[in-house]
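Okay, model-v3.pdb now, which holds PDB, C-alpha atoms and all ligand atoms:
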```pdb
ATOM      1  CA  MET R   1       0.000   0.000   0.000  1.00  0.00           C
ATOM      2  CA  TRP R   2       1.220   3.488  -0.869  1.00  0.00           C
ATOM      3  CA  LYS R   3       0.952   6.356   1.554  1.00  0.00           C
ATOM      4  CA  VAL R   4       0.879   9.823   0.030  1.00  0.00           C
ATOM      5  CA  GLY R   5       1.739  12.857   2.156  1.00  0.00           C
ATOM      6  CA  PHE R   6       3.492  16.194   2.079  1.00  0.00           C
ATOM      7  CA  ASP R   7       6.719  17.438   3.594  1.00  0.00           C
ATOM      8  CA  MET R   8       5.968  19.679   6.610  1.00  0.00           C
ATOM      9  CA  ASN R   9       9.058  21.752   5.799  1.00  0.00           C
ATOM     10  CA  ASP R  10       8.408  21.934   2.079  1.00  0.00           C
ATOM     11  CA  PRO R  11       4.741  21.457   1.141  1.00  0.00           C
ATOM     12  CA  GLY R  12       5.752  21.671  -2.532  1.00  0.00           C
ATOM     13  CA  ILE R  13       7.113  18.121  -2.327  1.00  0.00           C
ATOM     14  CA  ALA R  14       4.784  15.119  -2.303  1.00  0.00           C
ATOM     15  CA  HIS R  15       6.079  12.043  -0.471  1.00  0.00           C
ATOM     16  CA  THR R  16       4.768   8.692  -1.640  1.00  0.00           C
ATOM     17  CA  LYS R  17       6.058   5.592   0.121  1.00  0.00           C
ATOM     18  CA  ASN R  18       5.577   1.929   0.870  1.00  0.00           C
ATOM     19  CA  GLU R  19       7.748  -0.537   2.845  1.00  0.00           C
ATOM     20  CA  SER R  20      10.716  -0.377   0.483  1.00  0.00           C
ATOM     21  CA  ILE R  21      10.343   2.574  -1.893  1.00  0.00           C
ATOM     22  CA  GLU R  22      10.133   6.310  -1.327  1.00  0.00           C
ATOM     23  CA  VAL R  23       9.123   8.775  -4.046  1.00  0.00           C
ATOM     24  CA  LEU R  24       9.591  12.547  -3.890  1.00  0.00           C
ATOM     25  CA  THR R  25       7.576  14.466  -6.496  1.00  0.00           C
ATOM     26  CA  PHE R  26       7.755  18.208  -7.133  1.00  0.00           C
ATOM     27  CA  PRO R  27       6.926  20.532 -10.042  1.00  0.00           C
ATOM     28  CA  VAL R  28       9.930  22.054 -11.819  1.00  0.00           C
ATOM     29  CA  TYR R  29      10.524  25.106 -14.007  1.00  0.00           C
ATOM     30  CA  PRO R  30       9.492  26.103 -16.690  1.00  0.00           C
ATOM     31  CA  LEU R  31       6.076  24.404 -17.144  1.00  0.00           C
ATOM     32  CA  GLY R  32       5.556  22.695 -13.800  1.00  0.00           C
ATOM     33  CA  CYS R  33       6.479  19.209 -14.979  1.00  0.00           C
ATOM     34  CA  ASN R  34       6.307  16.726 -12.086  1.00  0.00           C
ATOM     35  CA  CYS R  35       9.852  15.469 -11.517  1.00  0.00           C
ATOM     36  CA  SER R  36      10.142  12.391  -9.281  1.00  0.00           C
ATOM     37  CA  ILE R  37      13.036  10.864  -7.379  1.00  0.00           C
ATOM     38  CA  VAL R  38      12.286   7.173  -6.807  1.00  0.00           C
ATOM     39  CA  ARG R  39      14.478   5.570  -4.172  1.00  0.00           C
ATOM     40  CA  CYS R  40      14.928   2.006  -2.944  1.00  0.00           C
ATOM     41  CA  THR R  41      15.125   2.660   0.801  1.00  0.00           C
ATOM     42  CA  LYS R  42      16.987  -0.624   1.418  1.00  0.00           C
ATOM     43  CA  THR R  43      19.966   0.273  -0.786  1.00  0.00           C
ATOM     44  CA  GLY R  44      19.791   4.031  -1.483  1.00  0.00           C
ATOM     45  CA  GLU R  45      19.786   3.345  -5.243  1.00  0.00           C
ATOM     46  CA  ALA R  46      17.457   5.684  -7.081  1.00  0.00           C
ATOM     47  CA  LEU R  47      16.134   6.750 -10.396  1.00  0.00           C
ATOM     48  CA  VAL R  48      14.995  10.168 -11.554  1.00  0.00           C
ATOM     49  CA  VAL R  49      11.850  10.472 -13.674  1.00  0.00           C
ATOM     50  CA  ASP R  50      11.612  13.549 -15.950  1.00  0.00           C
ATOM     51  CA  PRO R  51      14.225  16.051 -14.722  1.00  0.00           C
ATOM     52  CA  GLY R  52      12.417  18.833 -16.570  1.00  0.00           C
ATOM     53  CA  GLY R  53      14.402  21.683 -15.022  1.00  0.00           C
ATOM     54  CA  ASP R  54      15.544  23.098 -11.687  1.00  0.00           C
ATOM     55  CA  ALA R  55      18.553  20.771 -11.611  1.00  0.00           C
ATOM     56  CA  PRO R  56      20.075  22.350  -8.434  1.00  0.00           C
ATOM     57  CA  ARG R  57      16.971  21.398  -6.470  1.00  0.00           C
ATOM     58  CA  ILE R  58      16.949  17.837  -7.837  1.00  0.00           C
ATOM     59  CA  LEU R  59      20.654  17.468  -7.037  1.00  0.00           C
ATOM     60  CA  LYS R  60      20.226  18.805  -3.496  1.00  0.00           C
ATOM     61  CA  LEU R  61      17.380  16.376  -2.755  1.00  0.00           C
ATOM     62  CA  LEU R  62      19.472  13.481  -4.079  1.00  0.00           C
ATOM     63  CA  ARG R  63      22.494  14.468  -2.000  1.00  0.00           C
ATOM     64  CA  ASP R  64      20.481  15.159   1.172  1.00  0.00           C
ATOM     65  CA  ALA R  65      19.070  11.622   1.073  1.00  0.00           C
ATOM     66  CA  GLY R  66      22.409  10.024   0.167  1.00  0.00           C
ATOM     67  CA  SER R  67      20.850   8.615  -3.004  1.00  0.00           C
ATOM     68  CA  ARG R  68      22.953   7.137  -5.798  1.00  0.00           C
ATOM     69  CA  VAL R  69      21.310   7.328  -9.198  1.00  0.00           C
ATOM     70  CA  ARG R  70      21.187   4.268 -11.471  1.00  0.00           C
ATOM     71  CA  TRP R  71      18.854   5.659 -14.165  1.00  0.00           C
ATOM     72  CA  ILE R  72      17.449   8.931 -15.467  1.00  0.00           C
ATOM     73  CA  VAL R  73      14.270   8.011 -17.349  1.00  0.00           C
ATOM     74  CA  HIS R  74      12.012  10.177 -19.482  1.00  0.00           C
ATOM     75  CA  THR R  75       8.305   9.648 -20.099  1.00  0.00           C
ATOM     76  CA  HIS R  76       8.888  11.588 -23.329  1.00  0.00           C
ATOM     77  CA  ALA R  77      11.162  14.219 -24.846  1.00  0.00           C
ATOM     78  CA  HIS R  78       9.163  17.434 -24.642  1.00  0.00           C
ATOM     79  CA  PHE R  79      11.509  20.162 -23.431  1.00  0.00           C
ATOM     80  CA  ASP R  80       9.694  20.610 -20.116  1.00  0.00           C
ATOM     81  CA  HIS R  81      10.562  16.999 -19.206  1.00  0.00           C
ATOM     82  CA  CYS R  82      14.268  17.060 -20.067  1.00  0.00           C
ATOM     83  CA  LEU R  83      15.724  20.548 -19.593  1.00  0.00           C
ATOM     84  CA  GLY R  84      17.476  19.388 -16.405  1.00  0.00           C
ATOM     85  CA  THR R  85      18.763  16.113 -17.836  1.00  0.00           C
ATOM     86  CA  HIS R  86      22.238  17.329 -18.732  1.00  0.00           C
ATOM     87  CA  ALA R  87      23.057  18.928 -15.372  1.00  0.00           C
ATOM     88  CA  VAL R  88      21.574  16.083 -13.338  1.00  0.00           C
ATOM     89  CA  ALA R  89      23.361  13.411 -15.413  1.00  0.00           C
ATOM     90  CA  ARG R  90      26.675  15.238 -15.111  1.00  0.00           C
ATOM     91  CA  GLU R  91      26.572  16.112 -11.435  1.00  0.00           C
ATOM     92  CA  CYS R  92      24.401  13.634  -9.565  1.00  0.00           C
ATOM     93  CA  PRO R  93      25.905  10.928  -7.377  1.00  0.00           C
ATOM     94  CA  GLY R  94      26.185   7.814  -9.564  1.00  0.00           C
ATOM     95  CA  ILE R  95      26.960   4.199  -8.784  1.00  0.00           C
ATOM     96  CA  GLU R  96      30.543   2.858  -8.753  1.00  0.00           C
ATOM     97  CA  GLU R  97      31.910   6.124 -10.185  1.00  0.00           C
ATOM     98  CA  ARG R  98      29.637   5.850 -13.187  1.00  0.00           C
ATOM     99  CA  ARG R  99      27.120   8.447 -14.211  1.00  0.00           C
ATOM    100  CA  PRO R 100      23.542   7.171 -14.456  1.00  0.00           C
ATOM    101  CA  GLY R 101      22.147   5.702 -17.642  1.00  0.00           C
ATOM    102  CA  VAL R 102      19.991   8.203 -19.516  1.00  0.00           C
ATOM    103  CA  ALA R 103      16.992   6.437 -21.030  1.00  0.00           C
ATOM    104  CA  MET R 104      14.151   7.311 -23.393  1.00  0.00           C
ATOM    105  CA  HIS R 105      12.005   5.583 -26.023  1.00  0.00           C
ATOM    106  CA  PRO R 106      13.548   5.896 -29.522  1.00  0.00           C
ATOM    107  CA  GLY R 107      10.230   7.235 -30.872  1.00  0.00           C
ATOM    108  CA  ASP R 108      11.171  10.549 -29.218  1.00  0.00           C
ATOM    109  CA  PHE R 109      14.850  10.761 -30.216  1.00  0.00           C
ATOM    110  CA  GLU R 110      14.061  13.305 -32.908  1.00  0.00           C
ATOM    111  CA  LEU R 111      12.277  15.530 -30.391  1.00  0.00           C
ATOM    112  CA  TYR R 112      15.227  15.257 -28.016  1.00  0.00           C
ATOM    113  CA  GLU R 113      17.668  16.196 -30.773  1.00  0.00           C
ATOM    114  CA  ASN R 114      15.524  19.266 -31.433  1.00  0.00           C
ATOM    115  CA  LEU R 115      15.283  20.444 -27.838  1.00  0.00           C
ATOM    116  CA  GLU R 116      16.443  23.946 -28.718  1.00  0.00           C
ATOM    117  CA  LEU R 117      13.830  24.269 -31.451  1.00  0.00           C
ATOM    118  CA  GLN R 118      11.082  23.110 -29.098  1.00  0.00           C
ATOM    119  CA  CYS R 119      12.102  25.772 -26.575  1.00  0.00           C
ATOM    120  CA  ARG R 120      12.066  28.457 -29.236  1.00  0.00           C
ATOM    121  CA  ALA R 121       8.545  27.471 -30.288  1.00  0.00           C
ATOM    122  CA  PHE R 122       7.397  28.014 -26.669  1.00  0.00           C
ATOM    123  CA  GLY R 123       9.455  31.165 -26.054  1.00  0.00           C
ATOM    124  CA  VAL R 124      11.533  29.482 -23.342  1.00  0.00           C
ATOM    125  CA  PRO R 125      15.310  30.042 -23.110  1.00  0.00           C
ATOM    126  CA  GLY R 126      16.603  26.983 -24.892  1.00  0.00           C
ATOM    127  CA  GLN R 127      19.567  24.717 -24.851  1.00  0.00           C
ATOM    128  CA  LYS R 128      20.891  21.848 -26.930  1.00  0.00           C
ATOM    129  CA  ALA R 129      20.495  18.278 -25.672  1.00  0.00           C
ATOM    130  CA  GLU R 130      24.122  17.786 -24.660  1.00  0.00           C
ATOM    131  CA  THR R 131      23.865  14.458 -22.898  1.00  0.00           C
ATOM    132  CA  PRO R 132      23.507  11.539 -25.297  1.00  0.00           C
ATOM    133  CA  ILE R 133      20.780   8.979 -24.651  1.00  0.00           C
ATOM    134  CA  ASP R 134      22.586   5.801 -23.730  1.00  0.00           C
ATOM    135  CA  HIS R 135      19.639   3.466 -23.423  1.00  0.00           C
ATOM    136  CA  SER R 136      16.612   2.975 -25.718  1.00  0.00           C
ATOM    137  CA  LEU R 137      13.546   2.015 -23.716  1.00  0.00           C
ATOM    138  CA  GLU R 138      11.469  -0.871 -25.031  1.00  0.00           C
ATOM    139  CA  ASP R 139       7.881  -1.748 -24.286  1.00  0.00           C
ATOM    140  CA  ASP R 140       7.604  -4.101 -21.285  1.00  0.00           C
ATOM    141  CA  GLU R 141      11.263  -3.720 -20.410  1.00  0.00           C
ATOM    142  CA  VAL R 142      12.203  -3.780 -16.719  1.00  0.00           C
ATOM    143  CA  LEU R 143      14.838  -1.441 -15.262  1.00  0.00           C
ATOM    144  CA  ARG R 144      16.253  -2.422 -11.883  1.00  0.00           C
ATOM    145  CA  PHE R 145      17.416  -0.054  -9.153  1.00  0.00           C
ATOM    146  CA  GLY R 146      18.443  -1.502  -5.806  1.00  0.00           C
ATOM    147  CA  LYS R 147      15.896  -4.152  -4.896  1.00  0.00           C
ATOM    148  CA  ALA R 148      13.137  -2.445  -6.876  1.00  0.00           C
ATOM    149  CA  ALA R 149      12.178  -2.435 -10.545  1.00  0.00           C
ATOM    150  CA  LEU R 150      10.420  -0.170 -12.994  1.00  0.00           C
ATOM    151  CA  ARG R 151       8.420  -1.565 -15.917  1.00  0.00           C
ATOM    152  CA  VAL R 152       8.176   0.403 -19.156  1.00  0.00           C
ATOM    153  CA  LEU R 153       4.807   0.718 -20.919  1.00  0.00           C
ATOM    154  CA  HIS R 154       5.036   2.280 -24.372  1.00  0.00           C
ATOM    155  CA  THR R 155       1.940   4.517 -24.507  1.00  0.00           C
ATOM    156  CA  PRO R 156       2.228   6.610 -27.716  1.00  0.00           C
ATOM    157  CA  GLY R 157      -0.158   9.398 -28.682  1.00  0.00           C
ATOM    158  CA  HIS R 158       0.984  12.529 -26.842  1.00  0.00           C
ATOM    159  CA  SER R 159       4.267  11.946 -28.665  1.00  0.00           C
ATOM    160  CA  PRO R 160       5.482   8.918 -30.658  1.00  0.00           C
ATOM    161  CA  GLY R 161       7.803   7.709 -27.899  1.00  0.00           C
ATOM    162  CA  SER R 162       5.629   8.528 -24.876  1.00  0.00           C
ATOM    163  CA  CYS R 163       5.947   5.942 -22.116  1.00  0.00           C
ATOM    164  CA  SER R 164       4.385   5.284 -18.748  1.00  0.00           C
ATOM    165  CA  PHE R 165       6.355   3.616 -15.959  1.00  0.00           C
ATOM    166  CA  GLU R 166       5.012   1.209 -13.378  1.00  0.00           C
ATOM    167  CA  ILE R 167       6.872   0.314 -10.212  1.00  0.00           C
ATOM    168  CA  GLU R 168       6.731  -3.461 -10.512  1.00  0.00           C
ATOM    169  CA  GLU R 169       4.082  -5.265  -8.512  1.00  0.00           C
ATOM    170  CA  SER R 170       3.274  -2.263  -6.391  1.00  0.00           C
ATOM    171  CA  GLY R 171       0.468  -0.263  -7.980  1.00  0.00           C
ATOM    172  CA  LEU R 172       2.276   3.004  -8.638  1.00  0.00           C
ATOM    173  CA  LEU R 173       2.320   4.498 -12.131  1.00  0.00           C
ATOM    174  CA  PHE R 174       4.061   7.478 -13.721  1.00  0.00           C
ATOM    175  CA  SER R 175       1.784   8.389 -16.620  1.00  0.00           C
ATOM    176  CA  GLY R 176       3.789  11.260 -18.166  1.00  0.00           C
ATOM    177  CA  ASP R 177       1.622  13.521 -20.311  1.00  0.00           C
ATOM    178  CA  THR R 178      -0.536  10.582 -21.432  1.00  0.00           C
ATOM    179  CA  LEU R 179      -3.069  10.519 -18.571  1.00  0.00           C
ATOM    180  CA  PHE R 180      -3.838  13.381 -16.172  1.00  0.00           C
ATOM    181  CA  GLN R 181      -6.337  13.734 -13.348  1.00  0.00           C
ATOM    182  CA  MET R 182      -9.583  14.060 -15.334  1.00  0.00           C
ATOM    183  CA  GLY R 183      -7.678  14.795 -18.518  1.00  0.00           C
ATOM    184  CA  ILE R 184      -5.383  13.446 -21.215  1.00  0.00           C
ATOM    185  CA  GLY R 185      -2.306  14.859 -22.945  1.00  0.00           C
ATOM    186  CA  ARG R 186      -2.630  17.167 -25.923  1.00  0.00           C
ATOM    187  CA  THR R 187      -2.049  15.626 -29.326  1.00  0.00           C
ATOM    188  CA  ASP R 188      -1.557  18.748 -31.442  1.00  0.00           C
ATOM    189  CA  LEU R 189       2.224  18.865 -30.917  1.00  0.00           C
ATOM    190  CA  TRP R 190       4.958  17.197 -32.990  1.00  0.00           C
ATOM    191  CA  GLY R 191       3.965  13.622 -33.799  1.00  0.00           C
ATOM    192  CA  GLY R 192       0.836  13.677 -31.623  1.00  0.00           C
ATOM    193  CA  ASP R 193      -1.930  11.200 -32.484  1.00  0.00           C
ATOM    194  CA  SER R 194      -5.349  11.382 -30.810  1.00  0.00           C
ATOM    195  CA  ALA R 195      -6.480   7.871 -31.795  1.00  0.00           C
ATOM    196  CA  ALA R 196      -3.212   6.462 -30.469  1.00  0.00           C
ATOM    197  CA  ILE R 197      -3.444   8.173 -27.062  1.00  0.00           C
ATOM    198  CA  MET R 198      -7.003   6.865 -26.525  1.00  0.00           C
ATOM    199  CA  LYS R 199      -5.886   3.361 -27.449  1.00  0.00           C
ATOM    200  CA  SER R 200      -2.817   3.586 -25.194  1.00  0.00           C
ATOM    201  CA  ILE R 201      -4.882   4.628 -22.188  1.00  0.00           C
ATOM    202  CA  ARG R 202      -7.653   2.098 -22.792  1.00  0.00           C
ATOM    203  CA  THR R 203      -5.428  -0.892 -23.469  1.00  0.00           C
ATOM    204  CA  ARG R 204      -2.354  -0.229 -21.314  1.00  0.00           C
ATOM    205  CA  LEU R 205      -3.407   1.997 -18.393  1.00  0.00           C
ATOM    206  CA  PHE R 206      -7.090   1.229 -17.770  1.00  0.00           C
ATOM    207  CA  THR R 207      -6.159  -2.466 -17.698  1.00  0.00           C
ATOM    208  CA  LEU R 208      -3.907  -1.928 -14.661  1.00  0.00           C
ATOM    209  CA  ASP R 209      -5.147  -2.651 -11.162  1.00  0.00           C
ATOM    210  CA  ASP R 210      -8.007  -0.269 -10.265  1.00  0.00           C
ATOM    211  CA  GLY R 211      -6.275   0.901  -7.104  1.00  0.00           C
ATOM    212  CA  THR R 212      -3.088   1.952  -8.927  1.00  0.00           C
ATOM    213  CA  THR R 213      -1.905   5.391  -7.791  1.00  0.00           C
ATOM    214  CA  VAL R 214      -1.082   7.610 -10.773  1.00  0.00           C
ATOM    215  CA  ILE R 215       1.568  10.345 -10.730  1.00  0.00           C
ATOM    216  CA  PRO R 216       0.970  12.327 -13.948  1.00  0.00           C
ATOM    217  CA  GLY R 217       3.476  14.515 -15.781  1.00  0.00           C
ATOM    218  CA  HIS R 218       1.661  17.632 -14.508  1.00  0.00           C
ATOM    219  CA  GLY R 219      -0.838  18.414 -11.775  1.00  0.00           C
ATOM    220  CA  PRO R 220      -2.385  16.347  -8.996  1.00  0.00           C
ATOM    221  CA  PHE R 221      -2.145  12.585  -8.472  1.00  0.00           C
ATOM    222  CA  THR R 222      -5.088  10.313  -9.232  1.00  0.00           C
ATOM    223  CA  ARG R 223      -6.042   6.636  -9.331  1.00  0.00           C
ATOM    224  CA  ILE R 224      -6.949   4.349 -12.206  1.00  0.00           C
ATOM    225  CA  PHE R 225     -10.506   3.586 -11.044  1.00  0.00           C
ATOM    226  CA  GLU R 226     -11.296   7.288 -10.586  1.00  0.00           C
ATOM    227  CA  GLU R 227     -10.205   7.980 -14.164  1.00  0.00           C
ATOM    228  CA  LYS R 228     -12.113   4.999 -15.525  1.00  0.00           C
ATOM    229  CA  GLN R 229     -15.238   6.263 -13.757  1.00  0.00           C
ATOM    230  CA  ALA R 230     -15.111   9.998 -14.342  1.00  0.00           C
ATOM    231  CA  ASN R 231     -12.473  11.078 -16.881  1.00  0.00           C
ATOM    232  CA  PRO R 232     -14.550  13.125 -19.383  1.00  0.00           C
ATOM    233  CA  PHE R 233     -12.489  11.883 -22.353  1.00  0.00           C
ATOM    234  CA  PHE R 234     -13.856   8.338 -21.972  1.00  0.00           C
TER
HETATM  235 ZN    ZN S 301       4.690  18.164 -20.085  1.00  0.00          ZN
HETATM  236 ZN    ZN S 302       4.560  16.667 -23.162  1.00  0.00          ZN
END
```
So that I can check it, write out the structure of this file as structure tokens.
Ligand SMILES: [Zn+2]
Ligand SMILES: [Zn+2]
Amino acid sequence: MWKVGFDMNDPGIAHTKNESIEVLTFPVYPLGCNCSIVRCTKTGEALVVDPGGDAPRILKLLRDAGSRVRWIVHTHAHFDHCLGTHAVARECPGIEERRPGVAMHPGDFELYENLELQCRAFGVPGQKAETPIDHSLEDDEVLRFGKAALRVLHTPGHSPGSCSFEIEESGLLFSGDTLFQMGIGRTDLWGGDSAAIMKSIRTRLFTLDDGTTVIPGHGPFTRIFEEKQANPFF
């Protein structure tokens, strides 16, 4: 069972935990993307989901907890989900002197390569994607960190390479910009596909356990059964 709460000292950070995993989630500059640090509390090994910006804050939270980062994973390559990737990959505490593996679905490589262009289109100070992607995510692949594991669900539609991530056998899902609380991701951006996003949600997310807690790419958390019951897009 997951317990969701807030930090008394910093109410901007949501704490989600069970017996062996702790997740810190907080919105980061420039578009309030939910960045999460997912930590195996038994080993201190962690992964970072969507370091969209505000790298100094992400790095401080990692260091304060003594976390060592095995993976930096991206739900997709829109600029607001990867503007902090370079600084976090370069400076975060890694494992055995190695920097973490930076992972993304290959369907979004083109978007990642055009990070600067994306920023320009949104009027946000841009930068090139300097850190190469060293791991291509595949549907149903499992990434291990400490004694925990993250399963990749390829859920295209918001972008061609959009993925959701499920903490294995625990009922916690990172849905990226595919599924939001009472909403879905927009499909009018590069490579968006409205039929594909509906199919992804129906066949890959609504088939998960009803009690699954969902941490979306923006905004408040939700649960699968609440979305199945009341999401106005379905
Ligand atoms: Zn986003
Ligand atoms: Zn997006």
Distance filter 8 Å around ligand ZN 301 (chain S), atoms: only C-alpha atoms and all ligand atoms, out as JSON, numbers by chain: {"R": [31, 32, 33, 78, 79, 80, 81, 176, 177, 217, 218]}
query: Can I get the residues close to ligand ZN 302 (chain S) as an MDAnalysis selection string, where close means within 12 Å and we count only C-alpha atoms and all ligand atoms?
result: chainID R and resid 31:34 50 52 74:82 108 111:112 118 156:163 175:180 184:192 216:218
task: Translate the PyMOL selection byres (((chain R and resi 201) around 10) and not hetatm), as applied to the file shown, into an explicit residue set as a PyMOL selection string.
output: chain R and resi 155-157+164+175+178-179+184+196-200+202-207+228+234
- request: May I ask for the distance between atom CA of Ala46 of chain R and atom CA of Ala103 of chain R, given in Å to one decimal place?
  value: 14.0 Å
- line: With distances taken over all atoms listed in the file, the candidate from R:Pro106, R:Pro125, R:Gly211, R:Gly94 nearest Gly44 of chain R is R:Gly94
Expanded to explicit residues, what is the PyMOL selection byres (((chain R and resi 53-59) around 12) and not hetatm) for this file, as an mmCIF file with C-alpha atoms, in the frame of the given file?
```
data_model
loop_
_atom_site.group_PDB
_atom_site.id
_atom_site.type_symbol
_atom_site.label_atom_id
_atom_site.label_comp_id
_atom_site.auth_asym_id
_atom_site.auth_seq_id
_atom_site.Cartn_x
_atom_site.Cartn_y
_atom_site.Cartn_z
ATOM 1 C CA GLY R 12 5.752 21.671 -2.532
ATOM 2 C CA ILE R 13 7.113 18.121 -2.327
ATOM 3 C CA LEU R 24 9.591 12.547 -3.890
ATOM 4 C CA THR R 25 7.576 14.466 -6.496
ATOM 5 C CA PHE R 26 7.755 18.208 -7.133
ATOM 6 C CA PRO R 27 6.926 20.532 -10.042
ATOM 7 C CA VAL R 28 9.930 22.054 -11.819
ATOM 8 C CA TYR R 29 10.524 25.106 -14.007
ATOM 9 C CA PRO R 30 9.492 26.103 -16.690
ATOM 10 C CA LEU R 31 6.076 24.404 -17.144
ATOM 11 C CA GLY R 32 5.556 22.695 -13.800
ATOM 12 C CA CYS R 33 6.479 19.209 -14.979
ATOM 13 C CA ASN R 34 6.307 16.726 -12.086
ATOM 14 C CA CYS R 35 9.852 15.469 -11.517
ATOM 15 C CA SER R 36 10.142 12.391 -9.281
ATOM 16 C CA ILE R 37 13.036 10.864 -7.379
ATOM 17 C CA VAL R 38 12.286 7.173 -6.807
ATOM 18 C CA LEU R 47 16.134 6.750 -10.396
ATOM 19 C CA VAL R 48 14.995 10.168 -11.554
ATOM 20 C CA VAL R 49 11.850 10.472 -13.674
ATOM 21 C CA ASP R 50 11.612 13.549 -15.950
ATOM 22 C CA PRO R 51 14.225 16.051 -14.722
ATOM 23 C CA GLY R 52 12.417 18.833 -16.570
ATOM 24 C CA LYS R 60 20.226 18.805 -3.496
ATOM 25 C CA LEU R 61 17.380 16.376 -2.755
ATOM 26 C CA LEU R 62 19.472 13.481 -4.079
ATOM 27 C CA ARG R 63 22.494 14.468 -2.000
ATOM 28 C CA ASP R 64 20.481 15.159 1.172
ATOM 29 C CA ALA R 65 19.070 11.622 1.073
ATOM 30 C CA GLY R 66 22.409 10.024 0.167
ATOM 31 C CA SER R 67 20.850 8.615 -3.004
ATOM 32 C CA ARG R 68 22.953 7.137 -5.798
ATOM 33 C CA VAL R 69 21.310 7.328 -9.198
ATOM 34 C CA ILE R 72 17.449 8.931 -15.467
ATOM 35 C CA HIS R 78 9.163 17.434 -24.642
ATOM 36 C CA PHE R 79 11.509 20.162 -23.431
ATOM 37 C CA ASP R 80 9.694 20.610 -20.116
ATOM 38 C CA HIS R 81 10.562 16.999 -19.206
ATOM 39 C CA CYS R 82 14.268 17.060 -20.067
ATOM 40 C CA LEU R 83 15.724 20.548 -19.593
ATOM 41 C CA GLY R 84 17.476 19.388 -16.405
ATOM 42 C CA THR R 85 18.763 16.113 -17.836
ATOM 43 C CA HIS R 86 22.238 17.329 -18.732
ATOM 44 C CA ALA R 87 23.057 18.928 -15.372
ATOM 45 C CA VAL R 88 21.574 16.083 -13.338
ATOM 46 C CA ALA R 89 23.361 13.411 -15.413
ATOM 47 C CA ARG R 90 26.675 15.238 -15.111
ATOM 48 C CA GLU R 91 26.572 16.112 -11.435
ATOM 49 C CA CYS R 92 24.401 13.634 -9.565
ATOM 50 C CA PRO R 93 25.905 10.928 -7.377
ATOM 51 C CA GLY R 94 26.185 7.814 -9.564
ATOM 52 C CA VAL R 124 11.533 29.482 -23.342
ATOM 53 C CA PRO R 125 15.310 30.042 -23.110
ATOM 54 C CA GLY R 126 16.603 26.983 -24.892
ATOM 55 C CA GLN R 127 19.567 24.717 -24.851
#
```
Find the axis-aligned box for segment 154-160 of chain R, covering all its listed atoms and adding 5 Å on each side, and write its centre and edge lengths in Å to one decimal as lines of an AutoDock Vina configuration file.
```
center_x = 2.7
center_y = 7.4
center_z = -27.5
size_x = 15.6
size_y = 20.2
size_z = 16.3
```
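Atom CA of Pro100 of chain R lies 27.7 Å from atom CA of Thr212 of chain R.
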Test item: the PyMOL selection byres (((chain R and resi 137) around 9) and not hetatm) resolved as a PyMOL selection string: chain R and resi 73+103-106+135-136+138-141+152+154+163
message: With 12 Å as the threshold, what does the neighbourhood of (3.8, -2.9, -10.2) contain in terms of residues, counting all atoms listed in the file? Coordinates are those of the file; answer as a PyMOL selection string.
response: chain R and resi 1-2+21+140+142+148-153+164-174+205+208-209+211-214
Save out the residues we just selected, C-alpha atoms, as a JSON list (two decimals), in the coordinates of the input.
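Written output follows (result-v4.json):
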```json
[["chain", "number", "residue", "atom", "x", "y", "z"],
["R", 1, "MET", "CA", 0.00, 0.00, 0.00],
["R", 2, "TRP", "CA", 1.22, 3.49, -0.87],
["R", 21, "ILE", "CA", 10.34, 2.57, -1.89],
["R", 140, "ASP", "CA", 7.60, -4.10, -21.28],
["R", 142, "VAL", "CA", 12.20, -3.78, -16.72],
["R", 148, "ALA", "CA", 13.14, -2.44, -6.88],
["R", 149, "ALA", "CA", 12.18, -2.44, -10.54],
["R", 150, "LEU", "CA", 10.42, -0.17, -12.99],
["R", 151, "ARG", "CA", 8.42, -1.56, -15.92],
["R", 152, "VAL", "CA", 8.18, 0.40, -19.16],
["R", 153, "LEU", "CA", 4.81, 0.72, -20.92],
["R", 164, "SER", "CA", 4.38, 5.28, -18.75],
["R", 165, "PHE", "CA", 6.36, 3.62, -15.96],
["R", 166, "GLU", "CA", 5.01, 1.21, -13.38],
["R", 167, "ILE", "CA", 6.87, 0.31, -10.21],
["R", 168, "GLU", "CA", 6.73, -3.46, -10.51],
["R", 169, "GLU", "CA", 4.08, -5.26, -8.51],
["R", 170, "SER", "CA", 3.27, -2.26, -6.39],
["R", 171, "GLY", "CA", 0.47, -0.26, -7.98],
["R", 172, "LEU", "CA", 2.28, 3.00, -8.64],
["R", 173, "LEU", "CA", 2.32, 4.50, -12.13],
["R", 174, "PHE", "CA", 4.06, 7.48, -13.72],
["R", 205, "LEU", "CA", -3.41, 2.00, -18.39],
["R", 208, "LEU", "CA", -3.91, -1.93, -14.66],
["R", 209, "ASP", "CA", -5.15, -2.65, -11.16],
["R", 211, "GLY", "CA", -6.28, 0.90, -7.10],
["R", 212, "THR", "CA", -3.09, 1.95, -8.93],
["R", 213, "THR", "CA", -1.90, 5.39, -7.79],
["R", 214, "VAL", "CA", -1.08, 7.61, -10.77]]
```
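In this model, the gap between atom CA of Met182 of chain R and atom CA of Leu115 of chain R comes to 28.6 Å.
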